[in-house]
Each structure stands twice: as C-alpha cells, then as structure tokens.
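Participant: Starting off with a structure, shown below.
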Amino acid sequence: MTGPTAGRADTATHRLPAWRAPAATRSNALPAGAWWLWALGLATAASRTTNPLLLGLLVGVAGYVVAARRTDAPWARSYGMFIRIGLFVIAVRLLFSVFLGSPIPGTHTLFTLPEVPLPDWAKGVRIGGRVTAEQMLFALYDGAKLAALLICVGAANSLANPARLLKSLPGALYEAGVAVVVAMTFAPNMVADVLRLRTARRLRGRPTGGVRAVLQIGLPVLEGALERSVAVAASMDARGYGRTARVPAVVRHTTNALTLGGLLGVCAGTYGLLAAEGAGYGVPLLVAGLLAAMAGLRLGGARSVRTRYRPDRWGVRAWLVAGSGAAVAAAMIWAGNADPAALHPGVVPLTAPVLPLWPAAAVLLGLLPAVVAPVPPSPTGFEEQV
Amino acid sequence: MIRFDDVSVRYEGAGRPTLAGVDLTVPEGELVLLVGPSGVGKSTLLGAVSGLVPHFTGGTLTGRVTVDGRDTRTHKPRELADLVGTVGQDPLAHFVTDTVEDELAYGMESLGLAPDVMRRRVEETLDLLGLAGLRDRPIATLSGGQQQRVAIGSVLTPHPRVLVLDEPTSALDPAAAEEVLAVLQRLVHDLGTTVLMAEHRLERVVQYADRVVLLPSPGAPPVMGAPADIMAVSPVHPPVVALGRLADWEPLPLSVRDARRRAGGLRDRLADVAPGHPAPDAPGAPADPLPPRTAPSRSALARLFRRAPHEAPAPDPATGGPGGTPAAQAERLGVRRGRVEALRRVTLTVRAGETVALMGRNGAGKSTLLGALVGMVEPTSGTVLTGGLAPHRTPPREMVRRVGLVPQEPRDLLYADTVAAECAAADADAGAEPGSCRALVSELLPGVADDTHPRDLSEGQRLALALALVLTAPPPLLLLDEPTRGLDYAAKARLVGVLRALAAEGHAIVLATHDVELAAELAHRVVILADGEVVADGPTAEVVVSSPAFSPQTAKILAPQEWLTVSQVRAALEGGA
C-alpha cells in the first residue's frame with residue numbers, strides 16, 4: 001500500500017500495484033461508520049427513484065460489494081435475510097394493492113375481485129373490486145423502492161461489525177455501548193442454549209420439535225440467560241467497568257447543565273421546525289441545542305477514565321468508501337431535480353421504464369468499495385494474513 | 001499481600017455461615033492452593049479477595065479482608081481491578097467483548113492505560129499464552145482450553161499483583177492444563193505475582209504450590225501450611241500422595257519425580273506380583289465381561305435392570321465375546337459441521353459390559369462422537385448403529401431405552417423444579433413403573449429430599465440426579481461426557497463405584513474425559529481421538545502407559561511396571577503380605 005514496498009525487487013511473488021486493496025487486518029480495517037455512510041448513501045439514492053432498472057442496479061451494486069468484501073462472521077450472513085425481507089415487502093405491497101385497491105386510475109383491467117359492500121361512512125375505503133395493470137405496476141415500483149432501501153441497510157449490516165460501530169460512540173456513551181454489545185452477544189448465546197436444550201430433550205426420550213418443546217425449555221433458557229448476565233456483570237465489575245475519575249464539582253455541574261440544556265434545545269428546535277409558525281427560530285435553536293449537548297457529552301467523557309484500544313482509523317480508503325456512497329446519493333438527488341421523469345417512469349399510461357444513462361453511471365460509483373476496501377480473508381481458509 | 005482477619009460469611013437464608021473464623025495471610029509472590037471437598041466455601045473465599053463477596057453476591061461478611069492494604073469493605077471490586085485479577089469457573093461467563101484481542105484489552109481500557117502500553121501488553125500476552133494465531137477469532141468459536149487461556153490472559157494484561165483463579169484447569173485436557181500451569185509458574189517466578197487458586201484436580205497442581213490452604217469441612221477454620229504437611233492430613237489428595245501414604249514415604253512426595261526417586265523399594269516389592277495381569281479390582285479384558293447375575297443383586301439398580309422389557313441389557317458371557325451384538329458400532333463414521341470435519345473415518349465397537357474411555361484434547365471430536373452415538377448428531381458419512389438401530393432416525397422414545405447420555409452440563413437434562421417432579425417425568429418418558437427413578441435417586445444420592453430444587457444441588461449431586469434420570473429407561477449403553485468436571489475426590493470415588501457396578505451388570509459405558517486417573521480406574525479400553533480421527537485404541541494399560549500425557553500418576557511412578565491405580569497397588573500389597 002505504500003511506496004517503498006513497490007520498489008523492492010521480489011521475483012517470487014507477482015507484485016500488486018500499491019493502490020490495490022491489501023488483505024484486511026485489524027490495523028487497516030475500515031471503520032464501521034464508513035460502511036454505514038456508504039450504505040446510507042445508496043439507500044438515499046434508492047429513496048429518490050422508483051425506476052426499477054435503477055433500483056435493480058443499486059441492489060446489484062450493494063450485492064456485489066457485499067459478495068466481494070464480507071467476512072464469514074455471524075453478522076455477515078444477514079444479507080440473504082435482508083433480501084428475503086425485501087421480497088416479502090414487495091409481496092405485501094402487491095397484495096394490499098390487489099385487495100384494497102389503489103387511487104391510481106387505470107384502464108387495463110387484469111381481473112375483478114368481488115367487492116365487499118361497505119357502509120357510507122367508510123367512503124374512500126374499498127375492499128376487492130377491479131385490479132388494473134397500472135395500479136399493480138405502481139405498487140411494484142413502490143415496493144421495489146422500499147425493498148432496495150432495506151437491502152442497502154442490510155449491506156451495511158453484513159459488512160460492518162456492529163460491535164465496532166458501538167465502540168466508536170463518544171466516551172460518555174461508551175458504557176451504554178458496552179451494555180448493548182453484551183446484550184448482542186447474548187442473543188446468539190440464547191439461540192445456542194435453545195438448540196442445546198432442544199437436542200438434550202432427545203436424551204430424555206422426548207421429541208425435539210413442536211410447541212411443547214419450546215415452552216418446556218423456555219424457562220431453563222431464561223434462567224440460564226439471567227445467571228449468565230449476573231456472572232458477566234460480576235466479571236465486568238471485577239475488571240474495572242464503571243471506574244470513574246474524580247472531577248471538580250464545577251465541571252460536573254457544567255456537564256449536567258450543558259447536556260440537559262442541549263437536549264431541551266434540540267426538542268424545542270425540532271418542535272419549531274415541525275410546527276407551522278416557528279420555522280424562524282427552529283433551525284438556530286436546534287443547532288445550538290446540538291452543540292450544547294455534544295459539548296456536554298464531551299465534558300462527560302472526562303469523568304470516564306477509560307482509553308480505547310486500537311480504535312478504527314479513518315484513512316484514505318475509509319474516505320473513498322464513504323465518499324462513493326455520498327457521491328451516488330448526491331448524483332441521484334441532482335438527477336431527480338434535473339430530470340424527474342427519468343427517475344419516476346410513468347404508470348398512466350403504461351410505459352416501459354428506460355435506463356437513464358447518467359444516473360446509472362453515477363450508481364456504478366458505489367462499486368468503488370469492492371476495489372478499495374481491504375480484502376477480508378476468504379472463508380475457505382486463508383493463510384495467516386499473507 | 002492478602003489478609004483475612006477473622007472473616008465469616010453468611011448468605012441470606014442459610015442456616016450456618018459458609019465461612020467462619022478465617023484468619024489467613026498470603027505473602028506476596030506465592031502460589032497458594034486452596035483445597036477442600038465440594039461445598040466448603042472455596043469459591044466464597046476466593047470471591048472475598050476480589051470484593052465480589054459480598055459486594056456482588058450479597059450475604060454478610062464480618063471481619064476484615066485487605067489486599068495490599070486496601071480494605072474490601074471500602075473498596076468495590078472495580079476499585080480493586082488494577083490489583084486483583086479474577087477468573088471464575090466458567091470462562092464463557094467472563095467475556096465482555098466478542099473477539100480475543102478486544103477481550104485482552106478490555107480490562108486495560110477500563111483502567112485507562114495509554115494506547116501504546118495496551119498494544120504492547122496485548123502482544124506480549126498473546127505470545128505468553130500462545131494465542132497469537134487466534135487474535136482475531138470470535139471468542140464463541142474457540143475450544144474450552146483456548147477460552148480458558150483467553151480468560152486468564154484478559155486478567156493478566158492489567159498486570160495485577162494478585163491473581164485469583166477458581167478451578168482453572170478442570171475443563172482442560174492434560175496438555176492444555178500443563179500450558180496454563182506453566183504460565184502461572186512463570187508469573188509467580190518472573191513477575192512476583194501472588195496467585196491464589198482453588199482446584200479439584202490436585203494431581204495437576206499440587207507440586208507447583210508454595211503453600212496449601214485446606215478447608216476441611218464447611219464452617220471449619222482453614223489450615224495453612226507447606227504442601228507436604230497439609231497433604232499428609234488432607235481428606236482430598238492426589239494419587240501420588242495416596243501412594244506415598246500407602247508406602248509410608250517420608251517426607252511425602254508431591255510430584256511424580258520425587259515419588260519415582262523413592263519408589264525403588266516399592267517397585268521391587270511389586271515385581272513379584274507380576275504386574276502383567278490386572279489386580280483384583282482392575283477391569284478385565286474387554287472380551288470377558290463379568291457375568292451379570294453373579295453378584296447378589298439386592299440393589300434397586302439391579303432390580304430395575306432385571307425388569308428391563310427389551311433385549312437383555314447384559315448378554316451371557318458366551319455371547320459377550322467378539323461374536324455378540326455390540327452395544328454400539330460406528331463404521332467409517334464422518335461428521336461435518338459446515339466446513340469443519342469434526343469426525344473422520346471413525347470406526348469403534350463397544351460391547352456389553354465394556355467400559356471405554358474416549359480421550360484427546362479439547363475439540364478433538366469426543367462430544368461429537370457421543371452425540372452421533374445417541375442420535376443428536378447426524379452422520380455425514382459412514383454408519384452408526386446403537387443397539388442395532390440408526391440413532392438419528394429412531395424416535396427419541398425408542399432411543400432412550402437403548403442408550404443414555406449424561407451431557408457435559410447435567411443441568412441440560414433438568415427441566416422440573418423439584419427432584420420428585422423430575423423423577424415422575426423420567427418415569428413417564430421412559431415408560432418405566434412410577435417410582436423407579438426415585439429408587440435410583442435414593443440409591444445414588446442418599447438423603448436428598450423430594451422437594452429440593454435441582455439447581456440447589458451441588459455439581460456432584462446434579463450429576464448423580466442426571467445419571468439416575470438417564471438410567472430409568474434403563475439403557476444397555478451409557479455415555480458420559482466429561483463426568484468429573486467440578487467433582488471432588490469423594491464424589492469421584494462414588495461415581496467410580498456406581499459405574500463399576502453398572503459395568504459389572506453388563507452395561508456398556510463410554511466416557512469422554514480428560515481425567516486420566518478416572519480412565520485408569522474405570523476403563524477397559526482407551527480410545528484416543530485427535531482432530532476427529534482415532535489415533536489409538538487398545539487396552540487401558542497399554543495405551544495409557546505408553547503415552548506421557550495420558551498416563552496416570554501411579555503408572556508414571558511405577559513405570560515400566562504397568563500399575564494404573566493406587567487401589568490396584570494396595571490390593572496387590574495386601575495380597576502379597
């Protein structure tokens with residue numbers, strides 16, 4: 001990755017150009033935040049269009065990057081799950097459209113369901129009735145947008161270690177982050193407990209499946225989880241969790257005032273933004289509140305004595321990954337203003353969607369992480385970080 | 001370094017104090033071993049050092065505990081964290097983070113050490129404990145021994161001056177235990193760390209101890225002294241001490257090396273007894289199981305087995321030989337978990353009346369093999385037949401009459417909230433007459449009331465209860481996974497007695513264990529697994545004596561003669577005298 005190594009004469013191994021992604025180690029690991037920014041960029045882009053071709057391209061880009069850069073850690077397997085959830089969302093959206101009708105006017109009737117007669121006061125609600133091609137297409141586009149959004153989030157989820165994301169919280173919130181991390185390790189432990197106890201039922205000569213099995217092992221599993229949480233709490237305490245430094249009373253009071261005041265400011269500012277009459281003072285109040293709250297958190301961090309072991313560093317590659325997501329989002333927002341029709345293909349009358357060239361090219365920018373992000377060891381046995 | 005001044009601890013609702021009148025001083029830089037039977041308050045005493053007792057566990061502590069001058073009354077566990085490192089019995093309950101490296105750094109982060117110091121110490125500790133190859137691994141994927149080493153490493157990184165360990169080697173195979181002990185030795189010798197540890201497997205640790213603290217019985221004051229002096233009177237002692245007491249060696253040897261130096265005379269006396277043939281209570285060769293009906297069987301156990309409705313659990317001696325139906329048979333068995341081959345081409349036959357010990361390092365596939373025999377694990381290749389049926393395809397109700405497994409954690413078998421309910425459920429599950437299970441429990445666990453909650457039982461009692469539940473069926477093949485974890489010598493001796501009786505009645509028994517002494521006491525045959533393959537399979541004496549890691553202390557002391565247990569030697573001496 002650096003200059004000097006490129007100059008070394010090494011005939012045995014073929015040399016890679018310095019810009020090519022290195023093998024992932026802890027030192028060059030991308031911060032979880034970078035992956036999340038990239039994915040949120042793609043998600044923002046997805047929310048700006050209903051063009052199925054663009055949405056498909058976005059999902060494809062996210063999927064390719066996940067395939068190229070995910071590890072074999074447990075959270076990395078969640079991507080398939082998110083795709084299934086996405087398909088489920090589309091199916092639900094279509095079903096709703098079929099049974100509840102849609103305000104989209106259409107002329108191409110696909111079929112007609114028997115309509116449930118509703119009383120007068122339920123005007124505007126329809127159950128059953130005519131189902132048109134236009135309304136189905138609209139529902140499909142709409143569902144696809146939601147599904148693409150979800151899949152982008154799923155991509156971040158499977159690329160970024162959730163525990164590391166929580167560890168990048170500011171010092172004052174660190175302890176809360178640890179609590180969440182511990183809670184997260186509990187879920188897989190409980191699943192393992194359930195599996196173990198279910199197979200253990202076999203040893204008593206009882207069937208391992210069925211509702212009764214689950215009910216009978218429920219209590220032991222919960223008891224086990226409770227015991228484990230007490231044990232972990234004891235271990236954390238014995239290892240110095242919650243040690244605090246002595247801070248002067250002035251600092252403590254300032255911290256409280258800043259945090260409380262800041263949060264109040266944030267509330268008032270948000271109210272101002274949302275309410276009709278307060279738009280003028282909303283933004284400055286919100287900003288001031290946020291600044292005060294952040295200052296409070298920062299001061300609060302002084303109470304905590306803890307330090308960080310090998311925090312993730314934002315390097316060039318992290319900026320490139322996060323930047324590529326942001327670029328996709330920006331390009332799509334810009335395209336939405338410049339040529340709204342291309343991003344929202346019409347459904348009345350029915351037209352085939354076309355792939356707008358420039359937005360599509362911009363989406364491809366999202367592939368950058370598949371080139372620049374460090375390559376994780378392959379699940380099929382990777383020699384000790386070559 | 002650690003001082004106890006007249007300390008007593010009483011828990012809420014307990015009739016008598018768990019600890020009483022403890023006066024103790026542990027000097028700096030010593031390795032102090034805490035011994036005593038189960039339930040005498042060893043864990044409570046250890047917890048009091050780190051302040052977890054009573055700050056975390058509740059209960060009332062009277063008297064005064066100070067560590068390096070800090071009073072635990074005024075210092076919470078977190079304020080002692082830079083001074084005391086504690087590792088409990090279950091390493092999994094110790095971990096706060098998800099990867100090895102983060103776990104090692106966690107304690108230092110809490111103490112606020114500088115990042116470059118943390119980095120250096122993590123690297124040093126990874127090397128010290130041989131964990132460098134595992135640094136990025138999720139902790140959940142490690143084997144038991146690796147987890148134990150990570151747990152110890154995680155408290156070492158803040159460089160505590162006192163290390164408190166509760167049974168650090170109980171769950172480990174002999175080699176991993178040696179590794180952990182070598183690390184502790186190094187800490188004591190090179191860094192002057194004070195180590196206080198409790199351990200049941202004395203044969204592994206007693207020779208490393210500078211001092212031994214004996215808690216003789218619940219509520220009794222502790223006795224502290226030189227290891228040899230304490231061992232001479234201790235109710236719990238390793239085989240080397242038992243042999244030394246038997247042969248009146250003075251001073252009492254604590255290590256195999258010391259004992260061997262004095263064992264010349266004993267070896268000469270035993271030479272005439274021709275160690276080639278097994279001593280009276282040593283198990284016979286696998287091909288001739290003891291005839292099941294010879295013993296006067298008045299026990300509830302025996303009555304139950306005679307009532308067994310299915311094929312007789314104990315075949316006649318005539319059919320028990322190589323021609324008889326094996327209790328379990330695995331032929332070129334392979335099991336895969338994802339990409340990992342947990343078992344590969346394992347061929348194993350277990351006959352009625354035979355006791356087989358499965359040994360091998362943590363993660364070698366012992367539990368998987370037991371799981372495959374009982375139907376919890378589906379084979380990917382090869383065949384398994386247990387009692388003539390393929391276990392994973394047979395409904396559990398059928399299987400339970402052919403094979404019983406006591407899992408590593410006997411608790412997994414217990415669902416009900418009283419012993420009586422547990423027994424009633426077991427009778428119903430096995431289709432046995434009501435009361436059969438209770439009769440077994442009364443025999444294995446005398447004096448346990450019907451309304452006791454299974455969770456209030458001690459480790460050994462819980463194991464006995466699980467064993468009784470499994471035996472209710474009664475299965476001709478009995479599997480035990482790591483049965484002596486957490487058992488003291490007395491509980492172990494009771495277990496050995498029970499299992500011997502079962503084997504004599506024609507049960508086939510397979511135990512997966514790290515406990516070489518147990519294998520030597522019980523097994524006719526030892527099978528050693530490594531990386532999912534069988535690397536040794538033969539009579540106990542042959543396999544065990546030829547391997548330094550798996551041989552019991554008696555065998556090491558009396559080698560090249562093939563004596564395995566102290567009781568064997570005692571019987572031979574009495575017979576010869």
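In the structure tokens, the first chain shown is A, the next is B, and so on; residue numbers restart at 1 for each chain, and ligands run from 1 in the order shown.
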Using only C-alpha atoms, which protein or nucleic acid residues come within 12 Å of Ala493 (chain B)? Drop anything in the same chain fewer than 5 positions from it, and give the result as a VMD selection string.

Facilitator: chain B and resid 236 460 483 to 484 487 to 488 498 to 500 517 to 518 521 to 522 567

Participant: Considering only C-alpha atoms, extract the chain A residues located within 8 Å of chain B and return them as a PyMOL selection string.

Facilitator: chain A and resi 26+163+181-182+185+196-197+199-207+216-217+220+228-229+231-232+234-243+305-310+384

Participant: Using only C-alpha atoms for the distances, tell me which of A:Phe186, A:Trp314, A:Trp36, A:Tyr141 is nearest to Arg48 (chain A).

Facilitator: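 Selected residue with least distance to Arg48 (chain A): A:Tyr141.
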
Participant: Write out as a list in words each polymer residue whose atoms come within 7 Å of Val283 (chain A), counting only C-alpha atoms; drop sequence neighbours fewer than 4 positions from it.

Facilitator: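 That gives Gly269, Leu273 and Val287 of chain A.
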
Participant: If you run DSSP on the backbone, which residues of region 93-175 of chain B are alpha helix (DSSP H), as a VMD selection string?

Facilitator: chain B and resid 100 to 111 115 to 128 144 to 156 174 to 175

Participant: Need to verify the contact set: Leu196 (chain B), 6 Å, only C-alpha atoms, exclusion of same-chain residues closer than 6 positions in sequence. Can you return it as an NGL selection string?

Facilitator: :B and (32-33 or 164)

Participant: For Arg317 (chain A), find every residue with an atom within 12 Å (counting only C-alpha atoms), except residues of its own chain fewer than 4 positions away, and show them as a list in words.

Facilitator: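 So the residues in contact are Met1, Trp19, Arg20, Ala21, Pro22, Ala24, Asn28, Ala29, Leu30, Pro31, Ala34, Trp35, Trp38, Arg313, Val321, Ala322, Gly323, Ser324, Leu368, Pro369, Ala370, Val371, Val372, Ala373, Pro374 and Val375 of chain A.
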
Participant: For Leu94 (chain A), list every protein, DNA or RNA residue within 7 Å, evaluated using only C-alpha atoms, and leave out those in the same chain fewer than 6 positions away; present the list as a PyMOL selection string.

Facilitator: chain A and resi 136+139-140

Participant: Quick one: contact table of region 322-391 of chain B to region 170-178 of chain B, 10 Å max, nearest atom pair and distance in Å to one decimal per residue, counting only C-alpha atoms, chain and number order, as JSON lines?

Facilitator:
```
{"residue": "B:Met359", "atom": "CA", "partner": "B:Asp173", "partner_atom": "CA", "distance": 8.6}
{"residue": "B:Gly360", "atom": "CA", "partner": "B:Asp173", "partner_atom": "CA", "distance": 7.2}
{"residue": "B:Arg361", "atom": "CA", "partner": "B:Asp173", "partner_atom": "CA", "distance": 5.2}
{"residue": "B:Asn362", "atom": "CA", "partner": "B:Asp173", "partner_atom": "CA", "distance": 6.0}
{"residue": "B:Gly363", "atom": "CA", "partner": "B:Asp173", "partner_atom": "CA", "distance": 9.7}
```

Participant: Suppose you want the space between CA of Asp71 (chain B) and CA of Val9 (chain B); what is it in Å?

Facilitator: 15.7 Å

Participant: Given the choices A:Gly124, A:Pro103, A:Gly80, A:Pro117, which gets closest to Leu150 (chain A) if the distance is worked out from only C-alpha atoms?

Facilitator: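 Answer, going by the shortest atom-to-atom distance: A:Gly80.
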
Participant: Which one is closest to Ala76 (chain A): A:Leu113, A:Leu364, A:Ala43, A:Leu159? Count only C-alpha atoms.

Facilitator: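 For Ala76 (chain A), the nearest of the given residues is A:Leu159.
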
Participant: Just to confirm, what's the straight-line distance from CA of Phe99 (chain A) to CA of Thr112 (chain A) in Å (one decimal)?

Facilitator: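 Separation between CA of Phe99 (chain A) and CA of Thr112 (chain A): 10.3 Å.
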
Participant: I'd like the neighbourhood of Val150 (chain B) as a PyMOL selection string, where a residue qualifies if any of its atoms comes within 8 Å (using only C-alpha atoms), though same-chain residues fewer than 6 positions away should be ignored.

Facilitator: chain B and resi 100+103-104+129+131

Participant: Under the rule that only C-alpha atoms are counted, which of B:Gln89, B:Val188, B:Thr513, B:Leu128 is the nearest residue to Pro168 (chain B)?

Facilitator: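 Result for the nearest residue to Pro168 (chain B): B:Gln89.
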
Participant: Please, what distance in Å, to one decimal, runs between CA of Pro160 (chain B) and CA of Leu34 (chain B)?

Facilitator: 19.5 Å

Participant: Please identify the strand (DSSP E or B) residues within region 56-275 of chain A (assignment by DSSP from backbone atoms) and present them as a ChimeraX atom specification.

Facilitator: /A:109-116,127-132,244

Participant: How about saving the chosen residues, N, CA and C atoms kept, as an mmCIF file, in the first residue's frame?

Facilitator:
```cif
data_model
loop_
_atom_site.group_PDB
_atom_site.id
_atom_site.type_symbol
_atom_site.label_atom_id
_atom_site.label_comp_id
_atom_site.auth_asym_id
_atom_site.auth_seq_id
_atom_site.Cartn_x
_atom_site.Cartn_y
_atom_site.Cartn_z
ATOM 1 N N THR A 109 -57.689 -3.487 -17.225
ATOM 2 C CA THR A 109 -58.154 -4.330 -16.132
ATOM 3 C C THR A 109 -57.539 -5.714 -16.267
ATOM 4 N N LEU A 110 -56.935 -6.164 -15.175
ATOM 5 C CA LEU A 110 -56.352 -7.511 -15.183
ATOM 6 C C LEU A 110 -57.426 -8.534 -14.819
ATOM 7 N N PHE A 111 -58.072 -8.287 -13.665
ATOM 8 C CA PHE A 111 -59.177 -9.148 -13.252
ATOM 9 C C PHE A 111 -60.001 -8.349 -12.260
ATOM 10 N N THR A 112 -61.165 -8.871 -11.915
ATOM 11 C CA THR A 112 -62.024 -8.168 -10.979
ATOM 12 C C THR A 112 -62.352 -9.087 -9.817
ATOM 13 N N LEU A 113 -62.089 -8.584 -8.601
ATOM 14 C CA LEU A 113 -62.440 -9.353 -7.399
ATOM 15 C C LEU A 113 -63.836 -8.931 -6.965
ATOM 16 N N PRO A 114 -64.568 -9.820 -6.318
ATOM 17 C CA PRO A 114 -65.864 -9.390 -5.784
ATOM 18 C C PRO A 114 -65.640 -8.287 -4.750
ATOM 19 N N GLU A 115 -66.405 -7.229 -4.847
ATOM 20 C CA GLU A 115 -66.189 -6.086 -3.952
ATOM 21 C C GLU A 115 -67.069 -6.211 -2.713
ATOM 22 N N VAL A 116 -66.453 -5.956 -1.552
ATOM 23 C CA VAL A 116 -67.209 -6.037 -0.307
ATOM 24 C C VAL A 116 -67.977 -4.725 -0.150
ATOM 25 N N ILE A 127 -62.699 -2.618 -0.564
ATOM 26 C CA ILE A 127 -62.124 -3.958 -0.414
ATOM 27 C C ILE A 127 -62.551 -4.771 -1.614
ATOM 28 N N GLY A 128 -61.596 -5.289 -2.339
ATOM 29 C CA GLY A 128 -61.909 -6.043 -3.561
ATOM 30 C C GLY A 128 -62.170 -5.094 -4.718
ATOM 31 N N GLY A 129 -62.744 -5.587 -5.767
ATOM 32 C CA GLY A 129 -63.048 -4.735 -6.924
ATOM 33 C C GLY A 129 -62.049 -4.929 -8.045
ATOM 34 N N ARG A 130 -62.039 -3.936 -8.967
ATOM 35 C CA ARG A 130 -61.240 -4.044 -10.173
ATOM 36 C C ARG A 130 -59.751 -3.925 -9.856
ATOM 37 N N VAL A 131 -58.937 -4.772 -10.478
ATOM 38 C CA VAL A 131 -57.490 -4.670 -10.319
ATOM 39 C C VAL A 131 -56.903 -4.340 -11.680
ATOM 40 N N THR A 132 -56.186 -3.191 -11.759
ATOM 41 C CA THR A 132 -55.662 -2.782 -13.061
ATOM 42 C C THR A 132 -54.154 -2.988 -13.131
ATOM 43 N N THR A 244 -14.611 5.568 37.778
ATOM 44 C CA THR A 244 -14.734 6.962 37.355
ATOM 45 C C THR A 244 -13.595 7.766 37.940
#
```

Participant: Name the closest residue to Val180 (chain B) among the candidates B:Glu167, B:Glu250, B:Glu505, B:Asp456; distances are taken between atoms, counting only C-alpha atoms.

Facilitator: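 The closest residue to Val180 (chain B) is B:Glu167.
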